[in-house]
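Shown next: work.pdb, given as PDB, C-alpha atoms.
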```
ATOM      1  CA  MET A   1     -50.157  60.307 100.063
ATOM      2  CA  SER A   2     -53.338  59.787  98.058
ATOM      3  CA  LYS A   3     -52.224  56.449  96.654
ATOM      4  CA  MET A   4     -50.483  53.497  98.271
ATOM      5  CA  GLU A   5     -47.169  52.706  96.622
ATOM      6  CA  SER A   6     -46.466  49.272  95.204
ATOM      7  CA  LEU A   7     -44.537  46.976  97.514
ATOM      8  CA  ASP A   8     -40.890  46.196  96.788
ATOM      9  CA  CYS A   9     -41.449  42.460  97.116
ATOM     10  CA  LEU A  10     -37.805  41.385  96.944
ATOM     11  CA  ALA A  11     -36.731  43.861  99.610
ATOM     12  CA  GLU A  12     -39.701  43.036 101.822
ATOM     13  CA  ILE A  13     -39.121  39.287 101.590
ATOM     14  CA  ALA A  14     -35.459  39.790 102.492
ATOM     15  CA  ARG A  15     -36.485  41.889 105.497
ATOM     16  CA  ILE A  16     -39.021  39.285 106.685
ATOM     17  CA  ASP A  17     -36.431  36.528 106.115
ATOM     18  CA  ARG A  18     -34.116  38.263 108.589
ATOM     19  CA  PHE A  19     -36.967  38.933 110.997
ATOM     20  CA  LEU A  20     -38.126  35.298 111.088
ATOM     21  CA  ALA A  21     -34.608  33.882 111.315
ATOM     22  CA  ASP A  22     -33.601  36.298 114.077
ATOM     23  CA  THR A  23     -36.837  35.892 116.031
ATOM     24  CA  THR A  24     -36.878  32.098 116.047
ATOM     25  CA  ARG A  25     -33.242  32.139 117.170
ATOM     26  CA  GLN A  26     -33.995  34.645 119.948
ATOM     27  CA  LEU A  27     -36.920  32.527 121.087
ATOM     28  CA  ASN A  28     -34.690  29.438 120.967
ATOM     29  CA  ARG A  29     -37.112  27.668 118.619
ATOM     30  CA  ARG A  30     -36.241  25.328 115.772
ATOM     31  CA  GLY A  31     -39.006  26.390 113.376
ATOM     32  CA  VAL A  32     -42.606  27.595 113.194
ATOM     33  CA  VAL A  33     -46.121  26.152 113.330
ATOM     34  CA  LEU A  34     -49.025  27.871 111.632
ATOM     35  CA  GLY A  35     -52.639  27.180 110.815
ATOM     36  CA  VAL A  36     -53.414  27.084 107.099
ATOM     37  CA  SER A  37     -56.993  27.895 106.139
ATOM     38  CA  GLY A  38     -56.863  28.048 102.356
ATOM     39  CA  GLY A  39     -56.927  31.853 102.503
ATOM     40  CA  ILE A  40     -54.441  34.421 101.261
ATOM     41  CA  ASP A  41     -52.874  35.459 104.595
ATOM     42  CA  SER A  42     -51.946  32.003 105.837
ATOM     43  CA  ALA A  43     -50.758  31.057 102.333
ATOM     44  CA  VAL A  44     -48.353  33.999 102.177
ATOM     45  CA  CYS A  45     -47.181  33.383 105.755
ATOM     46  CA  ALA A  46     -46.449  29.737 104.923
ATOM     47  CA  ALA A  47     -44.490  30.777 101.835
ATOM     48  CA  LEU A  48     -42.549  33.418 103.790
ATOM     49  CA  ALA A  49     -41.703  30.961 106.564
ATOM     50  CA  ALA A  50     -40.537  28.286 104.119
ATOM     51  CA  HIS A  51     -38.401  30.860 102.294
ATOM     52  CA  ALA A  52     -36.867  32.217 105.499
ATOM     53  CA  LEU A  53     -36.337  29.023 107.475
ATOM     54  CA  GLY A  54     -36.449  26.185 104.955
ATOM     55  CA  ARG A  55     -39.503  24.051 104.213
ATOM     56  CA  GLN A  56     -38.592  21.336 106.751
ATOM     57  CA  ARG A  57     -38.729  23.875 109.590
ATOM     58  CA  VAL A  58     -42.346  24.805 108.890
ATOM     59  CA  PHE A  59     -45.260  22.706 110.149
ATOM     60  CA  ALA A  60     -48.732  23.547 108.858
ATOM     61  CA  LEU A  61     -52.015  22.547 110.458
ATOM     62  CA  LEU A  62     -55.288  22.189 108.592
ATOM     63  CA  MET A  63     -58.039  22.276 111.221
ATOM     64  CA  PRO A  64     -61.505  21.828 109.716
ATOM     65  CA  GLU A  65     -64.734  21.383 111.626
ATOM     66  CA  ARG A  66     -68.180  20.313 110.522
ATOM     67  CA  GLU A  67     -69.215  23.836 109.496
ATOM     68  CA  SER A  68     -66.019  24.981 107.773
ATOM     69  CA  SER A  69     -65.515  24.990 104.028
ATOM     70  CA  ASP A  70     -64.309  21.729 102.499
ATOM     71  CA  ALA A  71     -63.046  23.800  99.578
ATOM     72  CA  GLY A  72     -60.910  25.892 101.933
ATOM     73  CA  THR A  73     -59.366  22.785 103.465
ATOM     74  CA  GLU A  74     -58.575  21.440 100.010
ATOM     75  CA  ARG A  75     -56.977  24.727  98.981
ATOM     76  CA  GLY A  76     -54.851  24.545 102.120
ATOM     77  CA  ARG A  77     -53.828  20.970 101.371
ATOM     78  CA  ARG A  78     -52.819  21.853  97.816
ATOM     79  CA  LEU A  79     -50.840  24.847  99.110
ATOM     80  CA  CYS A  80     -48.868  22.650 101.519
ATOM     81  CA  ALA A  81     -48.162  20.206  98.699
ATOM     82  CA  ALA A  82     -47.020  23.013  96.395
ATOM     83  CA  LEU A  83     -44.708  24.434  99.073
ATOM     84  CA  ASP A  84     -43.643  20.900 100.060
ATOM     85  CA  ILE A  85     -44.013  21.658 103.764
ATOM     86  CA  PRO A  86     -44.908  19.076 106.432
ATOM     87  CA  HIS A  87     -48.538  19.313 107.485
ATOM     88  CA  ALA A  88     -51.271  17.508 109.424
ATOM     89  CA  PHE A  89     -55.061  17.449 109.613
ATOM     90  CA  GLU A  90     -56.772  18.022 112.965
ATOM     91  CA  ASP A  91     -60.582  17.866 112.831
ATOM     92  CA  ILE A  92     -61.794  19.991 115.748
ATOM     93  CA  THR A  93     -65.501  19.084 115.559
ATOM     94  CA  ALA A  94     -65.473  16.772 118.578
ATOM     95  CA  SER A  95     -63.655  19.349 120.698
ATOM     96  CA  LEU A  96     -66.160  22.047 119.753
ATOM     97  CA  GLU A  97     -69.080  19.762 120.553
ATOM     98  CA  ALA A  98     -67.570  18.936 123.945
ATOM     99  CA  GLN A  99     -67.151  22.638 124.741
ATOM    100  CA  GLY A 100     -70.724  23.382 123.714
ATOM    101  CA  CYS A 101     -69.748  25.670 120.848
ATOM    102  CA  TYR A 102     -72.656  24.749 118.569
ATOM    103  CA  ARG A 103     -75.179  24.266 121.378
ATOM    104  CA  ARG A 104     -74.483  27.575 123.114
ATOM    105  CA  ARG A 105     -74.598  29.444 119.806
ATOM    106  CA  ASP A 106     -77.840  27.821 118.674
ATOM    107  CA  GLU A 107     -79.497  28.523 122.027
ATOM    108  CA  ALA A 108     -78.741  32.213 121.535
ATOM    109  CA  ILE A 109     -80.015  32.228 117.949
ATOM    110  CA  ARG A 110     -83.302  30.580 119.008
ATOM    111  CA  ARG A 111     -83.958  33.502 121.313
ATOM    112  CA  LEU A 112     -84.380  35.555 118.140
ATOM    113  CA  PHE A 113     -85.584  32.832 115.740
ATOM    114  CA  PRO A 114     -87.335  30.097 117.779
ATOM    115  CA  ALA A 115     -87.627  27.746 114.768
ATOM    116  CA  PHE A 116     -83.841  27.655 114.208
ATOM    117  CA  ALA A 117     -82.821  23.980 114.222
ATOM    118  CA  THR A 118     -80.595  21.358 112.609
ATOM    119  CA  GLY A 119     -80.299  21.992 108.891
ATOM    120  CA  TRP A 120     -80.678  25.760 109.213
ATOM    121  CA  ARG A 121     -77.759  28.054 108.334
ATOM    122  CA  HIS A 122     -76.817  31.512 109.524
ATOM    123  CA  LYS A 123     -74.391  34.422 109.394
ATOM    124  CA  ILE A 124     -73.872  37.806 111.009
ATOM    125  CA  VAL A 125     -73.492  40.937 108.886
ATOM    126  CA  VAL A 126     -72.461  44.437 109.905
ATOM    127  CA  LYS A 127     -74.723  47.324 108.966
ATOM    128  CA  GLY A 128     -73.744  50.975 108.750
ATOM    129  CA  THR A 129     -70.543  52.872 109.485
ATOM    130  CA  GLY A 130     -69.628  55.214 112.317
ATOM    131  CA  VAL A 131     -72.010  53.516 114.769
ATOM    132  CA  PRO A 132     -72.632  50.146 113.084
ATOM    133  CA  HIS A 133     -74.902  47.354 114.276
ATOM    134  CA  PHE A 134     -75.196  43.650 113.500
ATOM    135  CA  ASP A 135     -77.979  41.782 111.719
ATOM    136  CA  LEU A 136     -78.470  38.035 112.018
ATOM    137  CA  ILE A 137     -79.512  36.236 108.828
ATOM    138  CA  VAL A 138     -80.889  32.694 109.049
ATOM    139  CA  GLU A 139     -81.819  30.326 106.249
ATOM    140  CA  ASP A 140     -84.142  27.324 106.610
ATOM    141  CA  PRO A 141     -83.513  23.989 104.792
ATOM    142  CA  GLU A 142     -85.786  25.095 101.918
ATOM    143  CA  GLY A 143     -83.713  28.227 101.329
ATOM    144  CA  GLY A 144     -86.073  30.724 102.936
ATOM    145  CA  ARG A 145     -84.242  33.582 104.628
ATOM    146  CA  GLN A 146     -85.107  35.842 107.523
ATOM    147  CA  SER A 147     -83.082  38.619 109.111
ATOM    148  CA  ALA A 148     -83.324  40.708 112.248
ATOM    149  CA  ARG A 149     -81.209  43.213 114.094
ATOM    150  CA  LEU A 150     -79.155  41.465 116.761
ATOM    151  CA  PRO A 151     -79.657  42.640 120.353
ATOM    152  CA  ALA A 152     -76.318  43.088 122.088
ATOM    153  CA  ASP A 153     -76.734  40.213 124.553
ATOM    154  CA  ILE A 154     -77.625  37.691 121.814
ATOM    155  CA  ALA A 155     -74.819  38.922 119.564
ATOM    156  CA  GLN A 156     -72.334  38.560 122.409
ATOM    157  CA  GLN A 157     -73.351  34.960 123.107
ATOM    158  CA  VAL A 158     -73.316  33.959 119.436
ATOM    159  CA  ILE A 159     -69.882  35.489 118.922
ATOM    160  CA  ALA A 160     -68.492  34.168 122.226
ATOM    161  CA  ALA A 161     -69.619  30.624 121.414
ATOM    162  CA  THR A 162     -68.302  30.843 117.871
ATOM    163  CA  ASN A 163     -64.923  32.037 119.133
ATOM    164  CA  PHE A 164     -64.353  28.552 120.526
ATOM    165  CA  LYS A 165     -63.324  27.716 116.959
ATOM    166  CA  GLN A 166     -60.396  30.142 116.855
ATOM    167  CA  ARG A 167     -59.305  29.328 120.391
ATOM    168  CA  THR A 168     -59.432  25.574 119.837
ATOM    169  CA  ARG A 169     -57.316  25.868 116.719
ATOM    170  CA  LYS A 170     -54.793  27.982 118.589
ATOM    171  CA  ALA A 171     -54.562  25.407 121.385
ATOM    172  CA  LEU A 172     -53.631  22.777 118.793
ATOM    173  CA  GLU A 173     -51.035  25.059 117.254
ATOM    174  CA  TYR A 174     -49.386  25.449 120.655
ATOM    175  CA  TYR A 175     -49.543  21.705 121.284
ATOM    176  CA  HIS A 176     -47.615  21.005 118.107
ATOM    177  CA  ALA A 177     -45.294  23.952 118.716
ATOM    178  CA  GLU A 178     -44.326  22.608 122.123
ATOM    179  CA  ARG A 179     -44.012  19.078 120.743
ATOM    180  CA  LEU A 180     -41.579  20.262 118.063
ATOM    181  CA  ASN A 181     -39.938  23.137 119.979
ATOM    182  CA  TYR A 182     -41.304  25.525 117.345
ATOM    183  CA  ALA A 183     -42.763  29.023 117.616
ATOM    184  CA  VAL A 184     -46.387  29.732 116.725
ATOM    185  CA  LEU A 185     -46.699  32.006 113.715
ATOM    186  CA  GLY A 186     -49.696  34.335 113.537
ATOM    187  CA  THR A 187     -51.195  35.416 110.232
ATOM    188  CA  PRO A 188     -53.054  38.756 110.720
ATOM    189  CA  ASN A 189     -52.346  41.499 108.202
ATOM    190  CA  ARG A 190     -52.248  45.185 109.123
ATOM    191  CA  LEU A 191     -55.916  45.800 108.351
ATOM    192  CA  GLU A 192     -56.915  43.043 110.769
ATOM    193  CA  TYR A 193     -54.288  43.893 113.384
ATOM    194  CA  GLU A 194     -54.967  47.648 113.450
ATOM    195  CA  LEU A 195     -58.763  47.312 113.420
ATOM    196  CA  GLY A 196     -59.013  44.387 115.850
ATOM    197  CA  PHE A 197     -60.301  41.708 113.489
ATOM    198  CA  PHE A 198     -59.070  38.786 115.546
ATOM    199  CA  VAL A 199     -59.983  36.824 118.665
ATOM    200  CA  ARG A 200     -58.002  37.426 121.848
ATOM    201  CA  GLY A 201     -56.526  34.076 122.851
ATOM    202  CA  GLY A 202     -57.470  32.741 119.413
ATOM    203  CA  ASP A 203     -56.143  33.833 116.044
ATOM    204  CA  GLY A 204     -54.711  36.927 117.755
ATOM    205  CA  LEU A 205     -52.372  34.778 119.863
ATOM    206  CA  ALA A 206     -48.926  33.979 118.456
ATOM    207  CA  ASP A 207     -45.205  34.150 119.164
ATOM    208  CA  VAL A 208     -44.365  35.926 115.918
ATOM    209  CA  LYS A 209     -46.476  37.854 113.364
ATOM    210  CA  PRO A 210     -44.592  38.466 110.115
ATOM    211  CA  ILE A 211     -47.242  40.356 108.099
ATOM    212  CA  ALA A 212     -48.990  42.498 110.744
ATOM    213  CA  HIS A 213     -47.340  45.568 109.178
ATOM    214  CA  LEU A 214     -48.593  44.795 105.653
ATOM    215  CA  TYR A 215     -51.878  46.014 104.225
ATOM    216  CA  LYS A 216     -54.101  43.376 102.654
ATOM    217  CA  SER A 217     -53.309  44.672  99.162
ATOM    218  CA  GLU A 218     -49.598  44.249  99.918
ATOM    219  CA  VAL A 219     -50.229  40.665 101.000
ATOM    220  CA  TYR A 220     -51.771  40.068  97.587
ATOM    221  CA  GLU A 221     -48.656  41.531  95.961
ATOM    222  CA  LEU A 222     -46.483  39.055  97.868
ATOM    223  CA  ALA A 223     -48.826  36.219  96.914
ATOM    224  CA  ALA A 224     -48.410  37.073  93.231
ATOM    225  CA  HIS A 225     -44.632  37.281  93.666
ATOM    226  CA  PHE A 226     -44.514  33.839  95.306
ATOM    227  CA  GLY A 227     -46.784  32.360  92.644
ATOM    228  CA  ILE A 228     -49.474  31.406  95.159
ATOM    229  CA  ALA A 229     -52.206  29.527  93.310
ATOM    230  CA  GLU A 230     -54.834  31.634  91.569
ATOM    231  CA  GLU A 231     -57.585  29.709  93.390
ATOM    232  CA  ILE A 232     -56.310  31.250  96.655
ATOM    233  CA  ARG A 233     -55.565  34.709  95.263
ATOM    234  CA  ARG A 234     -59.029  35.155  93.755
ATOM    235  CA  GLN A 235     -60.895  33.871  96.826
ATOM    236  CA  PRO A 236     -62.828  36.675  98.587
ATOM    237  CA  PRO A 237     -61.509  37.171 102.156
ATOM    238  CA  SER A 238     -63.853  35.162 104.356
ATOM    239  CA  THR A 239     -64.281  34.373 108.033
ATOM    240  CA  ASP A 240     -65.251  30.746 107.213
ATOM    241  CA  THR A 241     -66.815  30.710 110.669
ATOM    242  CA  TYR A 242     -70.569  30.803 110.110
ATOM    243  CA  THR A 243     -72.642  28.318 108.140
ATOM    244  CA  LEU A 244     -73.761  30.723 105.403
ATOM    245  CA  PRO A 245     -71.049  32.054 103.084
ATOM    246  CA  GLN A 246     -69.728  35.286 104.537
ATOM    247  CA  THR A 247     -67.027  37.758 103.566
ATOM    248  CA  GLN A 248     -64.900  39.836 105.913
ATOM    249  CA  GLU A 249     -66.518  42.909 104.355
ATOM    250  CA  GLU A 250     -69.978  41.681 105.430
ATOM    251  CA  PHE A 251     -68.967  40.660 108.917
ATOM    252  CA  TYR A 252     -66.600  43.381 110.052
ATOM    253  CA  PHE A 253     -65.125  46.008 107.759
ATOM    254  CA  GLY A 254     -68.296  47.147 106.018
ATOM    255  CA  LEU A 255     -66.404  48.050 102.841
ATOM    256  CA  PRO A 256     -64.107  46.283 100.339
ATOM    257  CA  THR A 257     -60.678  45.494 101.744
ATOM    258  CA  ARG A 258     -58.890  47.492  99.012
ATOM    259  CA  ARG A 259     -60.870  50.594  99.975
ATOM    260  CA  ALA A 260     -60.350  49.848 103.674
ATOM    261  CA  ASP A 261     -56.588  49.669 103.034
ATOM    262  CA  GLN A 262     -56.643  53.066 101.337
ATOM    263  CA  LEU A 263     -58.636  54.729 104.088
ATOM    264  CA  LEU A 264     -56.636  53.181 106.936
ATOM    265  CA  HIS A 265     -53.458  54.271 105.157
ATOM    266  CA  ALA A 266     -54.840  57.801 104.878
ATOM    267  CA  LEU A 267     -55.925  57.852 108.520
ATOM    268  CA  THR A 268     -52.615  56.577 109.883
ATOM    269  CA  SER A 269     -50.730  58.976 107.598
ATOM    270  CA  GLY A 270     -52.442  61.908 109.294
ATOM    271  CA  LEU A 271     -54.816  62.939 106.530
ATOM    272  CA  SER A 272     -58.150  64.442 107.523
ATOM    273  CA  ALA A 273     -61.378  62.907 106.267
ATOM    274  CA  VAL A 274     -61.790  65.826 103.847
ATOM    275  CA  GLU A 275     -58.251  65.402 102.478
ATOM    276  CA  ALA A 276     -58.692  61.635 102.100
ATOM    277  CA  ALA A 277     -62.030  62.092 100.382
ATOM    278  CA  ARG A 278     -60.529  64.588  97.948
ATOM    279  CA  ALA A 279     -57.560  62.321  97.172
ATOM    280  CA  LEU A 280     -59.731  59.236  96.612
ATOM    281  CA  ASP A 281     -62.684  61.038  95.011
ATOM    282  CA  LEU A 282     -65.088  59.981  97.745
ATOM    283  CA  ASP A 283     -67.916  61.650  99.658
ATOM    284  CA  PRO A 284     -66.392  63.530 102.631
ATOM    285  CA  ALA A 285     -69.366  62.747 104.892
ATOM    286  CA  TRP A 286     -69.001  59.022 104.192
ATOM    287  CA  VAL A 287     -65.238  59.105 104.789
ATOM    288  CA  THR A 288     -65.859  60.937 108.065
ATOM    289  CA  ARG A 289     -68.129  58.093 109.204
ATOM    290  CA  VAL A 290     -65.574  55.478 108.146
ATOM    291  CA  PHE A 291     -62.787  57.311 109.997
ATOM    292  CA  ALA A 292     -64.953  57.376 113.129
ATOM    293  CA  ASP A 293     -65.619  53.653 112.788
ATOM    294  CA  PHE A 294     -61.905  52.934 112.280
ATOM    295  CA  ALA A 295     -60.959  55.101 115.266
ATOM    296  CA  GLY A 296     -63.343  53.155 117.473
ATOM    297  CA  LYS A 297     -62.054  49.816 116.218
ATOM    298  CA  ARG A 298     -58.430  50.886 116.718
ATOM    299  CA  LYS A 299     -59.185  51.922 120.295
ATOM    300  CA  VAL A 300     -60.804  48.550 121.069
ATOM    301  CA  ALA A 301     -57.903  46.727 119.414
ATOM    302  CA  ALA A 302     -55.303  48.655 121.390
ATOM    303  CA  ARG A 303     -57.038  48.526 124.767
ATOM    304  CA  GLY A 304     -59.024  45.308 124.695
ATOM    305  CA  LEU A 305     -57.340  42.910 122.281
ATOM    306  CA  ARG A 306     -53.619  43.618 121.897
ATOM    307  CA  GLU A 307     -52.761  44.812 125.391
ATOM    308  CA  ALA A 308     -50.801  42.619 127.794
ATOM    309  CA  PRO A 309     -52.577  41.213 130.869
ATOM    310  CA  VAL A 310     -53.101  43.769 133.612
ATOM    311  CA  LEU A 311     -50.832  42.944 136.549
ATOM    312  CA  SER A 312     -51.106  44.045 140.149
ATOM    313  CA  HIS A 313     -48.158  46.240 141.088
ATOM    314  CA  LEU A 314     -45.788  43.921 142.908
ATOM    315  CA  GLU A 315     -44.223  46.751 144.864
ATOM    316  CA  SER A 316     -47.580  47.519 146.511
ATOM    317  CA  ALA A 317     -47.907  44.108 148.159
ATOM    318  CA  VAL A 318     -48.309  44.300 151.928
ATOM    319  CA  HIS A 319     -45.980  42.006 153.850
ATOM    320  CA  LEU A 320     -46.307  40.830 157.432
ATOM    321  CA  ASP A 321     -43.296  42.833 158.604
ATOM    322  CA  SER A 322     -44.791  46.101 157.400
ATOM    323  CA  ALA A 323     -48.481  45.382 158.039
ATOM    324  CA  ALA A 324     -48.537  46.765 161.556
ATOM    325  CA  SER A 325     -47.665  50.246 160.391
ATOM    326  CA  VAL A 326     -50.367  50.467 157.716
ATOM    327  CA  LEU A 327     -53.229  48.195 158.828
ATOM    328  CA  PRO A 328     -55.454  48.420 161.893
ATOM    329  CA  VAL A 329     -55.129  45.439 164.211
ATOM    330  CA  GLU A 330     -58.399  43.970 165.421
ATOM    331  CA  ALA A 331     -58.921  41.558 168.273
ATOM    332  CA  GLY A 332     -58.449  37.940 167.292
ATOM    333  CA  THR A 333     -56.671  38.761 164.012
ATOM    334  CA  LEU A 334     -53.095  39.406 162.939
ATOM    335  CA  GLN A 335     -51.024  40.868 165.769
ATOM    336  CA  ALA A 336     -48.143  43.234 165.212
ATOM    337  CA  ARG A 337     -44.737  41.656 165.539
ATOM    338  CA  THR A 338     -41.933  43.321 167.449
TER     339      THR A 338
END
```

Will you turn the file into structure tokens for me?
Amino acid sequence: MSKMESLDCLAEIARIDRFLADTTRQLNRRGVVLGVSGGIDSAVCAALAAHALGRQRVFALLMPERESSDAGTERGRRLCAALDIPHAFEDITASLEAQGCYRRRDEAIRRLFPAFATGWRHKIVVKGTGVPHFDLIVEDPEGGRQSARLPADIAQQVIAATNFKQRTRKALEYYHAERLNYAVLGTPNRLEYELGFFVRGGDGLADVKPIAHLYKSEVYELAAHFGIAEEIRRQPPSTDTYTLPQTQEEFYFGLPTRRADQLLHALTSGLSAVEAARALDLDPAWVTRVFADFAGKRKVAARGLREAPVLSHLESAVHLDSAASVLPVEAGTLQART
């Protein structure tokens, strides 16, 4: 239990082949649409979908905006060419401007850094484990950097405005899915899915998620098996959301993804923090803090991100025929019927 076993790639690909073929048939869809970012998860999902369904039944979308990485878009384009799958470019900058994504975010940042203006860059980084907080780092056009702890209300507005990016991309995926009678394929791995590293109604929204059971390290194993380009496999996992370069470790997990995989695996396998620390030769106090952080993230993911919409109980609706027996009748209002 101390070490994660290597993935049986052939068996896992065969299992996902059946899953994707069966699911698209059950959903009565002809194929799948997915967003391709130039990162490892979407690359592996594209390869899996092409293998399971055939390359002509996969439609990839590259959806850059003015702050996203040109290099990431180019990696995505080269991936689609290598897999020989149909794809399209959809620049979402104008949509984000119309929704006020950049404006709303910058207004929030200026509450903390009044000089923040065009030409400045920024990112959010997580600090601490157990009870972490966020710092905002800004960089002026000359390269000078400042940082400050983010108050909750400013952090919420910055993140809420930035989440327009994920939700706009998802809207385009569903447009093309409906146009083609395809299903939308989501790309979160287990680390992201379990710990809530996705946007509700954004990258968390999909009809089918083929790798949500796989740890990030297992996704890398599949990438090597498929021969995904080295330029994608060596790229540090990144949000590609903020204007300064930012890794997923900086923004959310607070530790390298390989280590996060190991500790999440230990936690979900029922090991205590002391047992996990002993198996991985780590400080028990530090592992205890990480386990507490993971437990909090898993609770938020389960209750606030992955749960279905809360519905009113239909059986409790009050109808006119039964209202007289349960509601007082006041003058000039509903009268009981006989």

#### Entry: Within-8 Å shell of (-53.0, 50.5, 111.7) in input frame, only C-alpha atoms, as a ChimeraX atom specification
/A:190-191,193-195,213,264-265,268,298

Shell around Thr187 of chain A at 8 Å using only C-alpha atoms, local window under 3 positions removed, as an mmCIF file with C-alpha atoms, keeping the file's coordinate frame:
```
data_model
loop_
_atom_site.group_PDB
_atom_site.id
_atom_site.type_symbol
_atom_site.label_atom_id
_atom_site.label_comp_id
_atom_site.auth_asym_id
_atom_site.auth_seq_id
_atom_site.Cartn_x
_atom_site.Cartn_y
_atom_site.Cartn_z
ATOM 1 C CA LEU A 34 -49.025 27.871 111.632
ATOM 2 C CA ASP A 41 -52.874 35.459 104.595
ATOM 3 C CA SER A 42 -51.946 32.003 105.837
ATOM 4 C CA CYS A 45 -47.181 33.383 105.755
ATOM 5 C CA ASP A 203 -56.143 33.833 116.044
ATOM 6 C CA LYS A 209 -46.476 37.854 113.364
ATOM 7 C CA PRO A 210 -44.592 38.466 110.115
ATOM 8 C CA ILE A 211 -47.242 40.356 108.099
ATOM 9 C CA ALA A 212 -48.990 42.498 110.744
#
```

### Message
Once the PyMOL selection byres ((chain A and resi 89-105) around 10) has been evaluated on this model, what residues remain selected, and can you format them as a ChimeraX atom specification?
### Response
/A:60-68,73,77,87-88,106-110,154-165,168-169,172

Exactly which residues make up the result of the PyMOL selection byres ((chain A and resi 208) around 10) on this file, given as a compact mmCIF listing (two decimals) with C-alpha atoms, in the coordinates of the input?
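The result, written out as selection.txt:
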```txt
# COMPACT_ATOMS: atom_id res chain seq x y z
CA PHE A 19 -36.97 38.93 111.00
CA LEU A 20 -38.13 35.30 111.09
CA THR A 23 -36.84 35.89 116.03
CA THR A 24 -36.88 32.10 116.05
CA LEU A 27 -36.92 32.53 121.09
CA VAL A 32 -42.61 27.60 113.19
CA ALA A 183 -42.76 29.02 117.62
CA VAL A 184 -46.39 29.73 116.72
CA LEU A 185 -46.70 32.01 113.72
CA GLY A 186 -49.70 34.34 113.54
CA THR A 187 -51.20 35.42 110.23
CA LEU A 205 -52.37 34.78 119.86
CA ALA A 206 -48.93 33.98 118.46
CA ASP A 207 -45.20 34.15 119.16
CA LYS A 209 -46.48 37.85 113.36
CA PRO A 210 -44.59 38.47 110.12
CA ILE A 211 -47.24 40.36 108.10
CA ALA A 212 -48.99 42.50 110.74
```

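For the set A:Val126, A:Trp286, A:Leu48, A:Ala266, the residue with the smallest atom-to-atom gap to Leu10 of chain A is A:Leu48, counting all atoms listed in the file.
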
What does the PyMOL selection byres ((chain A and resi 254) around 10) select in this file, as a PDB file with C-alpha atoms, in the coordinates of the input?
```
ATOM      1  CA  VAL A 125     -73.492  40.937 108.886  1.00  0.00           C
ATOM      2  CA  VAL A 126     -72.461  44.437 109.905  1.00  0.00           C
ATOM      3  CA  LYS A 127     -74.723  47.324 108.966  1.00  0.00           C
ATOM      4  CA  GLY A 128     -73.744  50.975 108.750  1.00  0.00           C
ATOM      5  CA  THR A 129     -70.543  52.872 109.485  1.00  0.00           C
ATOM      6  CA  PRO A 132     -72.632  50.146 113.084  1.00  0.00           C
ATOM      7  CA  THR A 247     -67.027  37.758 103.566  1.00  0.00           C
ATOM      8  CA  GLN A 248     -64.900  39.836 105.913  1.00  0.00           C
ATOM      9  CA  GLU A 249     -66.518  42.909 104.355  1.00  0.00           C
ATOM     10  CA  GLU A 250     -69.978  41.681 105.430  1.00  0.00           C
ATOM     11  CA  PHE A 251     -68.967  40.660 108.917  1.00  0.00           C
ATOM     12  CA  TYR A 252     -66.600  43.381 110.052  1.00  0.00           C
ATOM     13  CA  PHE A 253     -65.125  46.008 107.759  1.00  0.00           C
ATOM     14  CA  LEU A 255     -66.404  48.050 102.841  1.00  0.00           C
ATOM     15  CA  PRO A 256     -64.107  46.283 100.339  1.00  0.00           C
ATOM     16  CA  THR A 257     -60.678  45.494 101.744  1.00  0.00           C
ATOM     17  CA  ALA A 260     -60.350  49.848 103.674  1.00  0.00           C
ATOM     18  CA  VAL A 290     -65.574  55.478 108.146  1.00  0.00           C
ATOM     19  CA  ASP A 293     -65.619  53.653 112.788  1.00  0.00           C
TER      20      ASP A 293
END
```

### Message
Applying 9 Å and only C-alpha atoms, which residues near Leu267 of chain A remain after dropping the ones on its own chain fewer than 3 positions away? List them as a PyMOL selection string.
### Response
chain A and resi 262-264+270-273+276+291+294-295

Create the file for the chosen residues now, containing C-alpha atoms and written as a CSV table (one decimal), in the frame of the given file.
```
chain,number,residue,atom,x,y,z
A,262,GLN,CA,-56.6,53.1,101.3
A,263,LEU,CA,-58.6,54.7,104.1
A,264,LEU,CA,-56.6,53.2,106.9
A,270,GLY,CA,-52.4,61.9,109.3
A,271,LEU,CA,-54.8,62.9,106.5
A,272,SER,CA,-58.2,64.4,107.5
A,273,ALA,CA,-61.4,62.9,106.3
A,276,ALA,CA,-58.7,61.6,102.1
A,291,PHE,CA,-62.8,57.3,110.0
A,294,PHE,CA,-61.9,52.9,112.3
A,295,ALA,CA,-61.0,55.1,115.3
```

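Here atom CA of Asp8 of chain A and atom CA of Leu280 of chain A stand 22.9 Å from one another.
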
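One finds atom CA of Asp135 of chain A at 24.5 Å from atom CA of Gly204 of chain A.
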
### Query
For the atom pair atom CA of Arg111 of chain A and atom CA of Pro151 of chain A, what is the interatomic distance in Å to one decimal place?
10.1 Å

Find the smallest box with edges along x, y and z containing every listed atom of segment 306-312 of chain A, then add 3 Å on each side and report centre and edge lengths in Å to one decimal, as JSON.
```
{"center_x": -52.2, "center_y": 43.0, "center_z": 131.0, "size_x": 8.8, "size_y": 9.6, "size_z": 24.3}
```

### For segment 225-234 of chain A: contacts at 12 Å, all atoms listed in the file, fewer than 3 positions along chain excluded, given as number ranges by chain
A: 7-13, 36-51, 71-83, 216-222, 237-238
